[in-house]
>>> print(open('start.cif').read())   # mmCIF, C-alpha atoms
data_upload
#
loop_
_atom_site.label_atom_id
_atom_site.label_comp_id
_atom_site.auth_asym_id
_atom_site.auth_seq_id
_atom_site.Cartn_x
_atom_site.Cartn_y
_atom_site.Cartn_z
CA MET A 153 0.00 0.00 0.00
CA GLY A 154 0.92 3.60 -0.24
CA VAL A 155 1.90 5.68 -3.17
CA ASN A 156 4.98 5.06 -5.25
CA ALA A 157 6.40 5.84 -8.66
CA THR A 158 3.45 4.03 -10.23
CA LEU A 159 1.73 7.39 -9.75
CA LEU A 160 4.05 9.09 -12.23
CA VAL A 161 3.69 6.31 -14.78
CA GLN A 162 -0.09 6.46 -14.41
CA MET A 163 -0.12 10.22 -14.87
CA ALA A 164 1.90 9.92 -18.07
CA VAL A 165 -0.32 7.13 -19.39
CA PHE A 166 -3.41 9.12 -18.45
CA ALA A 167 -2.13 12.21 -20.24
CA ALA A 168 -1.44 10.15 -23.35
CA PHE A 169 -4.91 8.60 -23.26
CA VAL A 170 -6.61 11.95 -22.78
CA TRP A 171 -4.58 13.42 -25.62
CA PHE A 172 -5.56 10.54 -27.88
CA THR A 173 -9.22 10.82 -26.95
CA MET A 174 -9.17 14.56 -27.51
CA LYS A 175 -7.43 14.22 -30.86
CA PHE A 176 -8.82 11.09 -32.46
CA VAL A 177 -11.94 9.96 -30.64
CA TRP A 178 -14.00 12.91 -29.51
CA PRO A 179 -14.04 15.14 -32.61
CA PRO A 180 -15.17 12.58 -35.24
CA ILE A 181 -17.93 11.25 -33.02
CA THR A 182 -19.31 14.61 -31.98
CA LYS A 183 -19.02 15.79 -35.56
CA ALA A 184 -21.07 12.85 -36.80
CA MET A 185 -23.61 13.44 -34.07
CA GLU A 186 -23.95 17.12 -34.86
CA GLU A 187 -24.21 16.37 -38.55
CA ARG A 188 -26.97 13.91 -37.90
CA GLN A 189 -28.67 16.42 -35.65
CA THR A 190 -28.68 19.09 -38.35
CA ARG A 191 -29.74 16.54 -40.91
CA ILE A 192 -32.67 15.44 -38.79
CA SER A 193 -33.74 18.99 -38.05
CA GLU A 194 -33.45 19.82 -41.74
CA GLY A 195 -35.53 16.79 -42.57
CA LEU A 196 -38.17 17.82 -40.09
CA ALA A 197 -38.16 21.37 -41.44
CA ALA A 198 -38.51 20.02 -44.98
CA ALA A 199 -41.40 17.84 -43.93
CA GLU A 200 -43.06 20.82 -42.29
CA ARG A 201 -42.46 22.89 -45.40
CA GLY A 202 -43.96 20.13 -47.51
CA THR A 203 -47.05 20.01 -45.36
CA ARG A 204 -47.40 23.77 -45.55
CA GLU A 205 -46.93 23.73 -49.31
CA LEU A 206 -49.50 21.00 -49.65
CA ALA A 207 -51.97 23.08 -47.65
CA ASN A 208 -51.17 26.09 -49.85
CA ALA A 209 -51.68 24.06 -53.01
CA GLN A 210 -54.94 22.76 -51.62
CA GLY A 211 -56.10 26.35 -51.00
CA GLU A 212 -54.94 27.40 -54.43
CA LYS A 213 -56.76 24.48 -55.99
CA ASP A 214 -59.93 25.43 -54.15
CA ALA A 215 -59.62 29.04 -55.28
CA VAL A 216 -59.05 28.05 -58.91
CA LEU A 217 -61.96 25.65 -58.79
CA ARG A 218 -64.23 28.27 -57.25
CA GLU A 219 -63.21 30.80 -59.87
CA ALA A 220 -63.82 28.32 -62.67
CA ARG A 221 -67.20 27.50 -61.25
CA GLU A 222 -68.06 31.20 -61.02
CA GLN A 223 -66.92 31.75 -64.59
CA ALA A 224 -68.98 28.85 -65.82
CA ALA A 225 -71.99 30.19 -63.95
CA ASN A 226 -71.38 33.63 -65.49
CA ILE A 227 -71.15 32.20 -68.97
CA VAL A 228 -74.33 30.25 -68.51
CA ALA A 229 -76.10 33.34 -67.17
CA GLN A 230 -74.82 35.42 -70.09
CA ALA A 231 -75.93 32.80 -72.55
CA ASN A 232 -79.31 32.71 -70.92
CA ALA A 233 -79.62 36.47 -71.09
CA ARG A 234 -78.50 36.49 -74.70
CA HIS A 235 -80.95 33.78 -75.50
CA ALA A 236 -83.80 35.73 -73.92
CA GLU A 237 -82.70 38.81 -75.75
CA ILE A 238 -82.69 37.05 -79.11
CA VAL A 239 -86.10 35.57 -78.46
CA GLU A 240 -87.32 38.98 -77.43
CA GLU A 241 -85.85 40.59 -80.52
CA ALA A 242 -87.38 37.98 -82.78
CA LYS A 243 -90.67 38.39 -81.02
CA SER A 244 -90.72 42.15 -81.43
CA ALA A 245 -89.55 41.90 -85.05
CA ALA A 246 -92.32 39.44 -85.76
CA GLN A 247 -94.81 41.66 -84.00
CA ALA A 248 -93.69 44.67 -86.05
CA GLU A 249 -93.91 42.71 -89.24
CA ALA A 250 -97.33 41.49 -88.30
CA ASP A 251 -98.40 45.03 -87.47
CA ARG A 252 -97.04 46.29 -90.75
CA ILE A 253 -98.77 43.62 -92.76
CA GLN A 254 -101.96 44.22 -90.90
CA ALA A 255 -101.74 47.99 -91.47
CA GLY A 256 -101.11 47.47 -95.20
CA ALA A 257 -104.06 45.15 -95.47
CA GLN A 258 -106.25 47.60 -93.56
CA ALA A 259 -105.20 50.47 -95.81
CA GLU A 260 -105.88 48.44 -98.90
CA LEU A 261 -109.20 47.41 -97.49
CA ASP A 262 -110.08 51.01 -96.67
CA GLN A 263 -109.07 52.08 -100.13
CA GLN A 264 -111.14 49.39 -101.76
CA VAL A 265 -114.10 50.28 -99.55
CA ALA A 266 -113.74 53.91 -100.53
CA GLN A 267 -113.43 53.00 -104.22
CA ALA A 268 -116.49 50.82 -103.96
CA ARG A 269 -118.33 53.55 -102.18
CA GLU A 270 -117.26 56.04 -104.83
CA ALA A 271 -118.38 53.76 -107.61
CA LEU A 272 -121.62 53.03 -105.81
CA ARG A 273 -122.15 56.70 -105.24
CA ALA A 274 -121.64 57.46 -108.91
CA GLN A 275 -124.01 54.66 -109.90
CA VAL A 276 -126.55 55.71 -107.28
CA ALA A 277 -126.55 59.26 -108.69
CA THR A 278 -127.09 57.99 -112.17
CA LEU A 279 -129.76 55.59 -110.98
CA ALA A 280 -131.43 58.26 -108.97
CA VAL A 281 -131.47 60.64 -111.90
CA GLU A 282 -132.76 57.92 -114.18
CA GLY A 283 -135.36 56.89 -111.56
CA ALA A 284 -136.45 60.42 -110.96
CA GLY A 285 -136.62 61.04 -114.75
CA ARG A 286 -138.75 58.03 -115.16
CA VAL A 287 -140.97 59.09 -112.27
CA ILE A 288 -141.59 62.57 -113.66
CA ASN A 289 -141.22 61.47 -117.22
CA LYS A 290 -139.14 64.14 -118.15
CA GLU A 291 -135.57 64.66 -118.71
CA LEU A 292 -133.96 66.28 -115.94
CA ASP A 293 -131.37 68.66 -116.75
CA ALA A 294 -128.44 67.02 -115.22
CA SER A 295 -126.53 70.19 -115.09
CA ALA A 296 -129.39 72.11 -113.53
CA HIS A 297 -129.92 69.58 -110.81
CA GLY A 298 -126.36 68.56 -110.50
CA ALA A 299 -126.00 70.13 -107.08
CA LEU A 300 -129.01 68.29 -105.78
CA LEU A 301 -127.83 64.98 -107.17
CA ASP A 302 -124.36 65.38 -105.72
CA ASP A 303 -125.87 66.16 -102.37
CA LEU A 304 -127.94 63.03 -102.63
CA ALA A 305 -125.04 60.92 -103.67
CA ALA A 306 -122.95 62.25 -100.77
CA ARG A 307 -125.60 61.16 -98.34
CA LEU A 308 -125.42 57.55 -99.53
CA MET B 201 -3.73 -19.81 -3.56
CA ALA B 202 -6.97 -21.65 -3.98
CA THR B 203 -5.29 -24.12 -6.28
CA GLU B 204 -3.15 -25.30 -3.46
CA ALA B 205 -6.09 -25.59 -1.11
CA GLY B 206 -5.29 -26.77 2.33
CA ALA B 207 -1.72 -25.58 2.25
CA VAL B 208 -2.69 -21.94 2.52
CA SER B 209 -3.83 -20.10 5.61
CA PRO B 210 -6.54 -17.46 5.24
CA ALA B 211 -4.18 -14.73 6.42
CA GLY B 212 -1.54 -15.84 3.94
CA TYR B 213 -4.11 -15.94 1.17
CA ILE B 214 -5.31 -12.44 1.89
CA THR B 215 -1.87 -10.88 2.21
CA HIS B 216 -0.74 -12.63 -0.93
CA HIS B 217 -3.70 -11.15 -2.75
CA LEU B 218 -2.91 -7.67 -1.56
CA GLN B 219 0.69 -7.67 -2.80
CA HIS B 220 1.58 -5.88 -5.99
CA TRP B 221 3.80 -7.23 -8.67
CA THR B 222 6.56 -4.68 -8.36
CA VAL B 223 9.75 -3.51 -9.93
CA GLY B 224 12.12 -1.17 -8.13
CA GLU B 225 12.82 -0.06 -4.59
CA GLY B 226 11.28 2.40 -2.14
CA PHE B 227 9.41 5.24 -3.74
CA TRP B 228 10.84 4.29 -7.11
CA THR B 229 8.80 1.15 -7.13
CA VAL B 230 6.46 0.60 -10.04
CA ASN B 231 3.47 -1.64 -9.59
CA VAL B 232 3.75 -3.49 -12.85
CA ASP B 233 0.33 -5.11 -12.52
CA THR B 234 -1.42 -1.77 -12.04
CA VAL B 235 0.39 -0.18 -14.96
CA LEU B 236 -0.14 -3.22 -17.17
CA TYR B 237 -3.82 -3.64 -16.49
CA SER B 238 -4.69 0.04 -16.62
CA ALA B 239 -2.73 0.45 -19.84
CA VAL B 240 -4.35 -2.59 -21.44
CA LEU B 241 -7.79 -1.44 -20.33
CA GLY B 242 -7.10 2.04 -21.64
CA ALA B 243 -5.92 0.55 -24.92
CA ILE B 244 -9.12 -1.49 -25.18
CA PHE B 245 -11.15 1.63 -24.50
CA LEU B 246 -9.28 3.66 -27.09
CA PHE B 247 -9.30 0.84 -29.62
CA PHE B 248 -13.07 0.49 -29.60
CA PHE B 249 -13.74 4.19 -29.41
CA ARG B 250 -11.26 4.93 -32.17
CA MET B 251 -12.88 2.23 -34.28
CA ALA B 252 -16.26 3.87 -33.77
CA ALA B 253 -14.80 7.32 -34.42
CA LYS B 254 -13.14 6.26 -37.65
CA SER B 255 -16.32 4.85 -39.11
CA ALA B 256 -18.52 7.49 -37.50
CA THR B 257 -21.20 8.55 -39.88
CA ALA B 258 -24.11 10.93 -39.75
CA ASP B 259 -26.22 8.24 -41.38
CA VAL B 260 -27.84 5.43 -39.45
CA PRO B 261 -25.19 4.49 -36.86
CA GLY B 262 -24.08 0.94 -36.22
CA LYS B 263 -24.31 -0.75 -32.83
CA LEU B 264 -20.81 0.18 -31.73
CA GLN B 265 -21.27 3.76 -32.84
CA ASN B 266 -24.59 3.87 -31.04
CA PHE B 267 -23.01 2.67 -27.84
CA VAL B 268 -20.14 5.10 -28.11
CA GLU B 269 -22.49 7.93 -28.96
CA ILE B 270 -24.61 7.22 -25.92
CA LEU B 271 -21.52 7.53 -23.74
CA VAL B 272 -20.26 10.61 -25.56
CA ASP B 273 -23.65 12.25 -25.30
CA PHE B 274 -23.93 11.38 -21.62
CA VAL B 275 -20.49 12.82 -20.86
CA ASP B 276 -21.12 15.85 -23.05
CA ASN B 277 -24.34 16.62 -21.19
CA SER B 278 -22.61 16.24 -17.84
CA VAL B 279 -19.92 18.66 -18.98
CA LYS B 280 -22.38 21.18 -20.40
CA GLU B 281 -24.38 21.17 -17.19
CA SER B 282 -21.58 22.63 -15.11
CA PHE B 283 -18.91 23.92 -17.46
CA HIS B 284 -20.02 26.87 -19.55
CA GLY B 285 -16.84 27.95 -21.27
CA LYS B 286 -15.65 26.75 -24.63
CA ASP B 287 -13.04 24.10 -24.15
CA LYS B 288 -11.67 21.27 -26.26
CA LEU B 289 -10.07 19.34 -23.43
CA ILE B 290 -12.57 18.96 -20.67
CA ALA B 291 -15.14 16.73 -22.40
CA PRO B 292 -12.62 14.20 -23.78
CA LEU B 293 -10.93 14.29 -20.38
CA ALA B 294 -14.21 13.47 -18.66
CA LEU B 295 -14.94 10.70 -21.16
CA THR B 296 -11.51 9.18 -20.65
CA ILE B 297 -11.88 9.32 -16.88
CA PHE B 298 -15.35 7.80 -16.92
CA VAL B 299 -14.63 4.90 -19.22
CA TRP B 300 -11.15 4.24 -17.93
CA VAL B 301 -12.15 4.26 -14.27
CA PHE B 302 -15.18 2.14 -15.08
CA LEU B 303 -12.95 -0.44 -16.76
CA TRP B 304 -10.54 -0.36 -13.82
CA ASN B 305 -13.42 -0.95 -11.48
CA PHE B 306 -14.84 -3.62 -13.73
CA MET B 307 -11.75 -5.73 -13.08
CA ASP B 308 -13.16 -6.17 -9.61
CA LEU B 309 -15.99 -8.29 -11.03
CA ILE B 310 -13.62 -10.80 -12.55
CA PRO B 311 -13.29 -13.72 -10.11
CA VAL B 312 -10.52 -12.82 -7.67
CA ASP B 313 -8.39 -15.87 -8.31
CA LEU B 314 -8.77 -16.14 -12.07
CA LEU B 315 -6.10 -13.78 -13.36
CA PRO B 316 -3.68 -14.22 -10.41
CA THR B 317 -3.82 -17.99 -10.86
CA PHE B 318 -3.17 -17.60 -14.55
CA ALA B 319 -0.31 -15.23 -13.80
CA THR B 320 1.14 -17.70 -11.30
CA TRP B 321 0.99 -20.44 -13.88
CA VAL B 322 2.62 -18.25 -16.54
CA GLY B 323 5.24 -16.99 -14.07
CA SER B 324 6.21 -20.38 -12.75
CA THR B 325 6.00 -22.22 -16.04
CA PHE B 326 7.70 -19.82 -18.41
CA PHE B 327 9.83 -17.66 -16.15
CA GLY B 328 10.72 -20.15 -13.48
CA ALA B 329 9.33 -17.94 -10.73
CA ASP B 330 8.49 -19.22 -7.28
CA PRO B 331 4.68 -19.57 -7.35
CA HIS B 332 4.48 -18.09 -3.86
CA HIS B 333 6.14 -14.94 -5.02
CA VAL B 334 4.10 -14.25 -8.08
CA TYR B 335 2.00 -11.32 -6.98
CA HIS B 336 -0.84 -10.02 -9.04
CA ARG B 337 -3.46 -7.42 -8.35
CA VAL B 338 -5.80 -6.81 -11.23
CA VAL B 339 -7.92 -3.89 -10.01
CA PRO B 340 -6.01 -0.68 -10.75
CA SER B 341 -8.47 1.43 -8.78
CA ALA B 342 -7.66 -0.58 -5.67
CA ASP B 343 -4.14 0.79 -5.98
CA MET B 344 -3.72 4.20 -4.41
CA SER B 345 -0.96 5.08 -6.84
CA ALA B 346 -3.35 4.71 -9.73
CA THR B 347 -6.18 6.70 -8.18
CA PHE B 348 -3.75 9.40 -7.06
CA GLY B 349 -2.26 9.40 -10.53
CA LEU B 350 -5.65 10.42 -11.85
CA SER B 351 -6.52 12.86 -9.12
CA MET B 352 -3.10 14.54 -9.23
CA SER B 353 -3.54 15.07 -12.95
CA VAL B 354 -6.90 16.64 -12.19
CA PHE B 355 -5.24 18.68 -9.43
CA LEU B 356 -2.72 20.11 -11.90
CA LEU B 357 -5.50 20.83 -14.36
CA ILE B 358 -7.39 22.75 -11.67
CA PHE B 359 -4.54 25.26 -11.67
CA VAL B 360 -4.29 25.29 -15.44
CA TYR B 361 -8.00 26.04 -15.71
CA GLY B 362 -7.83 28.55 -12.88
CA PHE B 363 -5.12 30.52 -14.66
CA ARG B 364 -6.81 30.25 -18.01
CA GLY B 365 -10.30 31.10 -16.82
CA LYS B 366 -9.59 33.84 -14.31
CA GLY B 367 -6.06 34.89 -15.11
CA ALA B 368 -3.09 34.49 -12.79
CA ILE B 369 -3.78 37.69 -10.84
CA LYS B 370 -7.42 37.04 -10.12
CA PHE B 371 -6.71 33.43 -9.32
CA SER B 372 -3.99 34.35 -6.83
CA LYS B 373 -6.14 37.08 -5.35
CA GLU B 374 -8.91 34.58 -4.77
CA PHE B 375 -6.39 32.35 -3.11
CA LEU B 376 -5.45 35.11 -0.67
CA PHE B 377 -8.69 37.03 -0.14
CA HIS B 378 -11.25 34.29 -0.19
CA PRO B 379 -13.35 33.64 1.87
CA PHE B 380 -12.43 36.62 4.13
CA ASP B 381 -11.85 39.73 2.11
CA HIS B 382 -9.41 41.53 4.41
CA PHE B 383 -5.63 41.70 4.25
CA LEU B 384 -5.36 40.68 7.92
CA PHE B 385 -6.97 37.41 7.02
CA ILE B 386 -4.47 36.56 4.28
CA PRO B 387 -2.58 33.89 6.23
CA PHE B 388 -5.80 32.39 7.43
CA ASN B 389 -7.29 32.39 3.92
CA LEU B 390 -4.10 30.90 2.58
CA VAL B 391 -4.22 27.97 4.98
CA LEU B 392 -7.90 27.47 4.33
CA ASN B 393 -7.47 27.49 0.58
CA VAL B 394 -4.46 25.20 0.62
CA VAL B 395 -6.45 22.71 2.65
CA GLU B 396 -9.45 23.12 0.39
CA TYR B 397 -7.41 22.62 -2.75
CA LEU B 398 -5.52 19.64 -1.35
CA ALA B 399 -8.77 18.09 -0.18
CA LYS B 400 -9.98 17.86 -3.77
CA PRO B 401 -7.47 15.36 -5.18
CA VAL B 402 -7.22 13.52 -1.89
CA SER B 403 -10.96 13.03 -1.58
CA LEU B 404 -11.25 12.14 -5.27
CA SER B 405 -8.67 9.41 -5.15
CA LEU B 406 -9.38 8.08 -1.65
CA ARG B 407 -13.09 7.75 -2.40
CA LEU B 408 -12.41 5.64 -5.45
CA PHE B 409 -9.61 3.71 -3.82
CA GLY B 410 -11.59 3.05 -0.63
CA ASN B 411 -14.63 1.76 -2.43
CA LEU B 412 -12.74 -0.53 -4.74
CA TYR B 413 -10.23 -1.72 -2.18
CA ALA B 414 -13.07 -2.63 0.13
CA GLY B 415 -14.88 -4.31 -2.73
CA GLU B 416 -11.84 -6.34 -3.63
CA LEU B 417 -11.29 -7.27 -0.02
CA VAL B 418 -14.87 -8.47 0.36
CA PHE B 419 -14.46 -10.65 -2.73
CA ILE B 420 -11.28 -12.08 -1.24
CA LEU B 421 -13.08 -12.75 2.05
CA ILE B 422 -15.95 -14.43 0.21
CA ALA B 423 -13.37 -16.62 -1.51
CA LEU B 424 -12.25 -17.81 1.94
CA PHE B 425 -15.41 -19.90 2.34
CA THR B 426 -13.98 -22.84 0.49
CA LEU B 427 -10.30 -21.97 0.72
CA GLN B 428 -9.45 -24.90 2.96
CA ALA B 429 -11.85 -27.41 1.48
CA THR B 430 -9.97 -30.60 0.71
CA GLU B 431 -12.78 -33.08 0.32
CA VAL B 432 -16.31 -33.31 -0.93
CA SER B 433 -18.49 -33.16 2.16
CA VAL B 434 -21.90 -31.79 3.05
CA MET B 435 -20.31 -28.95 4.95
CA ASN B 436 -18.03 -28.01 2.08
CA MET B 437 -20.92 -28.09 -0.35
CA GLY B 438 -22.90 -25.84 2.00
CA LEU B 439 -19.92 -23.50 2.21
CA GLY B 440 -19.62 -23.53 -1.55
CA LEU B 441 -23.28 -22.62 -1.89
CA ALA B 442 -22.85 -19.84 0.66
CA GLN B 443 -19.82 -18.60 -1.23
CA PHE B 444 -21.76 -18.59 -4.47
CA ILE B 445 -24.70 -16.70 -2.98
CA ALA B 446 -22.49 -14.18 -1.20
CA GLY B 447 -20.30 -13.67 -4.26
CA PHE B 448 -23.34 -13.29 -6.49
CA ALA B 449 -25.00 -10.77 -4.19
CA TRP B 450 -21.83 -8.74 -3.71
CA ALA B 451 -21.06 -8.72 -7.44
CA LEU B 452 -24.59 -7.57 -8.19
CA PHE B 453 -24.28 -4.76 -5.71
CA HIS B 454 -20.82 -3.99 -7.00
CA ILE B 455 -22.11 -3.37 -10.52
CA LEU B 456 -23.81 -0.34 -9.05
CA VAL B 457 -20.75 0.73 -7.07
CA ILE B 458 -18.27 0.57 -9.92
CA THR B 459 -20.48 2.58 -12.25
CA LEU B 460 -21.33 5.08 -9.58
CA GLN B 461 -17.70 5.57 -8.58
CA ALA B 462 -16.66 6.13 -12.18
CA PHE B 463 -19.47 8.62 -12.58
CA VAL B 464 -18.64 10.42 -9.33
CA PHE B 465 -14.99 10.74 -10.29
CA MET B 466 -15.90 12.19 -13.67
CA THR B 467 -18.55 14.56 -12.32
CA LEU B 468 -16.36 15.89 -9.54
CA THR B 469 -13.52 16.43 -11.99
CA ILE B 470 -15.82 18.51 -14.17
CA VAL B 471 -17.13 20.42 -11.16
CA TYR B 472 -13.65 21.16 -9.81
CA LEU B 473 -12.43 22.38 -13.19
CA SER B 474 -15.54 24.52 -13.67
CA MET B 475 -15.11 26.02 -10.22
CA ALA B 476 -11.51 26.90 -11.02
CA TYR B 477 -12.42 28.26 -14.45
CA GLU B 478 -15.46 30.35 -13.68
CA ASP B 479 -16.24 33.13 -11.25
CA HIS B 480 -18.44 32.24 -8.38
#
>>> encode(input="start.cif", output="structure tokens")
Amino acid sequence: MGVNATLLVQMAVFAAFVWFTMKFVWPPITKAMEERQTRISEGLAAAERGTRELANAQGEKDAVLREAREQAANIVAQANARHAEIVEEAKSAAQAEADRIQAGAQAELDQQVAQAREALRAQVATLAVEGAGRVINKELDASAHGALLDDLAARL
Amino acid sequence: MATEAGAVSPAGYITHHLQHWTVGEGFWTVNVDTVLYSAVLGAIFLFFFRMAAKSATADVPGKLQNFVEILVDFVDNSVKESFHGKDKLIAPLALTIFVWVFLWNFMDLIPVDLLPTFATWVGSTFFGADPHHVYHRVVPSADMSATFGLSMSVFLLIFVYGFRGKGAIKFSKEFLFHPFDHFLFIPFNLVLNVVEYLAKPVSLSLRLFGNLYAGELVFILIALFTLQATEVSVMNMGLGLAQFIAGFAWALFHILVITLQAFVFMTLTIVYLSMAYEDH
């Protein structure tokens, strides 16, 4: 028992071991550990980023889809409006045409009625004069009684 | 020795077990067994750790690397808990102390007669030594020279760290004016600090030595159960069973002790160096 020169030998050996550990053992191991640590944290960050990007893409997709749907709805509405417009236009054009045709027919009818009336009137005057002549057996002077005859004819 | 059962007295057995294999005289004696075993254990430690370090990869680590990394991480955390400066030496130092001391202590779990018997056989067969004078102690931490070798290295480092962390002037001032900050108290402070500083390596090494020496001694005493058994008898079988149970129980308990002592030595080393390095 007791302490002897072994102490000095042990101190030297210890120093050598510590030096070796410090130089050749500790740095590579801690370096590998730190590297792995950063790699893992990077991996986790990447995964997080991926999740976030996925959520973003999902939102973007929803927005695009909504917009497309809105556009489609707009187009359909526009088409509908246009369709109604065209129908309306056609309707009014048809109506106008019908009105025009009707008016023309009416005018022609009126004219024909007037012509007929005129002709009738002329014939009535002649008939009346003839009738009256026959009744009184004498020639009426057409020119002398013209005013009377015209008045008669106008009343028909 | 147990191999020559019957011819050996318990006292002779014990004293034989507590003798070092030595070279030299007086203080200039070297305990060859201590140096040999601690060096071989250190070499084993460095061999495996260097192997792991060489193939260390940031990818999926192998089993050896995993094991080494667990130890490195454990030591690194212990260091970071109390030492806050940036230092390249202290963590490897702590790792070396922990593993080396653990391996020293582990030698205590190897059956007490195994290696000495082998050494006796080698010594007497190949070197013509007298079997009674082949001494062999395999637990370096049960040798005060070894534990003091460690703690004196730590003691020197305390000053190195003190000078580096606080500077020579501040360190010396603390030595003179702490704990009583008055020039009249300088001699008193000086004595107090010298005692305090000397207590550190002494307590470090004696704690380790005491625990392991006692452990070794208990193993030797347990081995006495059947030391003088010469025949197969009921009593000897009972003694053998008792020896087995006692040895098993003590070894089990000792697993705790050897780990704890290695840990305590490492932790206190870190604490002492931090105390020297940093301001209170």
>>> residues_around(input="start.cif", residues="Arg188 of chain A", least_positions_apart="2", cutoff="12 Å", atoms="all atoms listed in the file", output="ChimeraX atom specification")
/A:181-186,190-195 /B:256-261,269
>>> closest_atom_pairs(input="start.cif", of="chain A", to="chain B", cutoff="10 Å", atoms="all atoms listed in the file", output="CSV")
residue,atom,partner,partner_atom,distance
A:Met153,CA,B:Met344,CA,7.1
A:Gly154,CA,B:Met344,CA,6.3
A:Val155,CA,B:Ser345,CA,4.7
A:Asn156,CA,B:Phe227,CA,4.7
A:Ala157,CA,B:Trp228,CA,5.0
A:Thr158,CA,B:Val230,CA,4.6
A:Leu159,CA,B:Gly349,CA,4.5
A:Leu160,CA,B:Gly349,CA,6.5
A:Val161,CA,B:Val235,CA,7.3
A:Gln162,CA,B:Gly349,CA,5.3
A:Met163,CA,B:Gly349,CA,4.9
A:Ala164,CA,B:Gly349,CA,8.6
A:Val165,CA,B:Ala239,CA,7.1
A:Phe166,CA,B:Leu350,CA,7.1
A:Ala167,CA,B:Ser353,CA,8.0
A:Phe169,CA,B:Gly242,CA,7.1
A:Val170,CA,B:Leu293,CA,5.5
A:Trp171,CA,B:Leu293,CA,8.3
A:Phe172,CA,B:Leu246,CA,7.9
A:Thr173,CA,B:Pro292,CA,5.7
A:Met174,CA,B:Pro292,CA,5.1
A:Lys175,CA,B:Pro292,CA,8.8
A:Phe176,CA,B:Arg250,CA,6.6
A:Val177,CA,B:Arg250,CA,5.3
A:Trp178,CA,B:Pro292,CA,6.0
A:Pro179,CA,B:Ala253,CA,8.1
A:Pro180,CA,B:Ala253,CA,5.3
A:Ile181,CA,B:Ala253,CA,5.2
A:Thr182,CA,B:Val272,CA,7.6
A:Lys183,CA,B:Ala258,CA,8.2
A:Ala184,CA,B:Ala258,CA,4.7
A:Met185,CA,B:Ala258,CA,6.2
A:Glu186,CA,B:Ala258,CA,7.9
A:Glu187,CA,B:Ala258,CA,5.6
A:Arg188,CA,B:Ala258,CA,4.5
A:Gln189,CA,B:Ala258,CA,8.2
A:Thr190,CA,B:Ala258,CA,9.5
A:Arg191,CA,B:Ala258,CA,8.0
A:Ile192,CA,B:Ala258,CA,9.7
>>> residues_near_point(input="start.cif", point="(-10.6, -18.4, -3.2)", cutoff="12 Å", atoms="all atoms listed in the file", output="VMD selection string")
chain B and resid 201 to 206 208 to 210 212 to 214 216 to 217 311 to 314 316 to 317 417 to 429 439 to 440 443 to 444 447
>>> residues_around(input="start.cif", residues="Phe371 of chain B", least_positions_apart="5", cutoff="8 Å", atoms="only C-alpha atoms", output="ChimeraX atom specification")
/B:362-363,366
>>> closest_residue(input="start.cif", among="B:Asn389, B:Asn266, B:Thr325, B:Ser341", to="Tyr413 of chain B", atoms="all atoms listed in the file")
B:Ser341
>>> atom_distance(input="start.cif", atom1="atom CA of Glu416 of chain B", atom2="atom CA of Ala211 of chain B")
15.2 Å
